[in-house]
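Contents: one structure, followed by commentary.
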Amino acid sequence: MAACVLFRSFSFNFSTVWPLLTRSPLLSTLRPAPKAYYGRTLASSSRLSAALKFTDKHEWVRVEDNGTGTVGISNFAQEALGDVVYCGLPEVGTQLAQQDEFGALESVKAASELYSPLTGEVVEVNTLLADNPGLVNKSCYKDGWLMKMTIAKPAELDALMDEAAYERYIHSIED
């Protein structure tokens, strides 16, 4: 019990706790696991990613309860860009076809165009990004979303990748 409490209280920094844990008679037989591959991942919570669909250009869309789609960029994309310093987003009311360019993100390393994952009309843009574009880096699946749009052709969602397919896609382009 004491070991569990100790582990929980120091779980943020396991390396400082390990020597203490291995002195415990119950845990002395534990050995660290071999290092696993810790490549890029989506780093999204299951609640948020359950309905995410991804494009091969690293945009995602989440269908909300009201039928609109919230659009953003993936964790892979924001890591590749680095610190985002500017977000160019479309005007509300802009009509977009699937794969239409709708804006751009600029970072200290590069600039990247944004492409619409679906056909529809822009109904809202994330105005917080004008003053704080770094939200894209800090919370790309939650607070760092880019725009919300209507979904004119729901069948287009079927052509997008789910989280597992997107993970496989990322690994295939990294190899």
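Order determines the names: the first chain of the structure tokens is A, the second B, and so forth; residues in each chain are numbered 1 upward, and ligands are numbered 1 upward as they are shown.
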Give me the residues of stretch 104-124 of chain A that have any atom at most 8 Å from an atom of stretch 87-98 of chain A; for each, the nearest atom pair and the distance in Å, rounded to one decimal. Use only C-alpha atoms, sort by chain and number, and format it as JSON lines.
{"residue": "A:Ala104", "atom": "CA", "partner": "A:Gly88", "partner_atom": "CA", "distance": 5.0}
{"residue": "A:Leu105", "atom": "CA", "partner": "A:Cys87", "partner_atom": "CA", "distance": 4.7}
{"residue": "A:Glu106", "atom": "CA", "partner": "A:Cys87", "partner_atom": "CA", "distance": 6.5}
{"residue": "A:Tyr115", "atom": "CA", "partner": "A:Gln98", "partner_atom": "CA", "distance": 7.7}
{"residue": "A:Ser116", "atom": "CA", "partner": "A:Gln98", "partner_atom": "CA", "distance": 5.4}
{"residue": "A:Pro117", "atom": "CA", "partner": "A:Gln98", "partner_atom": "CA", "distance": 5.4}
{"residue": "A:Leu118", "atom": "CA", "partner": "A:Gln98", "partner_atom": "CA", "distance": 4.3}
{"residue": "A:Thr119", "atom": "CA", "partner": "A:Ala97", "partner_atom": "CA", "distance": 4.1}
{"residue": "A:Gly120", "atom": "CA", "partner": "A:Leu96", "partner_atom": "CA", "distance": 5.4}
{"residue": "A:Glu121", "atom": "CA", "partner": "A:Gln95", "partner_atom": "CA", "distance": 4.5}
{"residue": "A:Val122", "atom": "CA", "partner": "A:Val92", "partner_atom": "CA", "distance": 5.1}
{"residue": "A:Val123", "atom": "CA", "partner": "A:Val92", "partner_atom": "CA", "distance": 5.3}
{"residue": "A:Glu124", "atom": "CA", "partner": "A:Val92", "partner_atom": "CA", "distance": 5.7}
Which residues are close to A:Thr127, i.e. within 10 Å by only C-alpha atoms, leaving aside same-chain residues fewer than 4 positions away? Reply as a count of residues only. 7
Can you list every residue in stretch 102-159 of chain A that DSSP puts in strand (DSSP E or B), as a PDB file with C-alpha atoms, in the first residue's frame?
ATOM      1  CA  PHE A 102      -8.883  27.378 -46.893  1.00  0.00           C
ATOM      2  CA  GLY A 103      -5.985  29.003 -45.100  1.00  0.00           C
ATOM      3  CA  ALA A 104      -2.411  28.690 -43.900  1.00  0.00           C
ATOM      4  CA  LEU A 105      -0.379  28.216 -40.761  1.00  0.00           C
ATOM      5  CA  GLU A 106       3.008  29.845 -40.350  1.00  0.00           C
ATOM      6  CA  SER A 107       5.594  28.769 -37.842  1.00  0.00           C
ATOM      7  CA  ALA A 111       4.474  27.635 -43.625  1.00  0.00           C
ATOM      8  CA  SER A 112       1.773  25.150 -44.513  1.00  0.00           C
ATOM      9  CA  GLU A 113      -1.454  25.449 -46.464  1.00  0.00           C
ATOM     10  CA  LEU A 114      -4.668  24.105 -44.988  1.00  0.00           C
ATOM     11  CA  TYR A 115      -7.076  21.985 -47.021  1.00  0.00           C
ATOM     12  CA  GLY A 120     -19.458  22.663 -46.892  1.00  0.00           C
ATOM     13  CA  GLU A 121     -19.751  26.219 -45.640  1.00  0.00           C
ATOM     14  CA  VAL A 122     -17.598  27.799 -42.943  1.00  0.00           C
ATOM     15  CA  VAL A 123     -19.899  28.669 -40.036  1.00  0.00           C
ATOM     16  CA  GLU A 124     -17.302  29.649 -37.407  1.00  0.00           C
ATOM     17  CA  VAL A 125     -13.575  30.252 -37.095  1.00  0.00           C
ATOM     18  CA  MET A 147     -12.905  26.239 -38.133  1.00  0.00           C
ATOM     19  CA  LYS A 148     -16.372  24.736 -38.001  1.00  0.00           C
ATOM     20  CA  MET A 149     -18.250  23.933 -41.175  1.00  0.00           C
TER      21      MET A 149
END
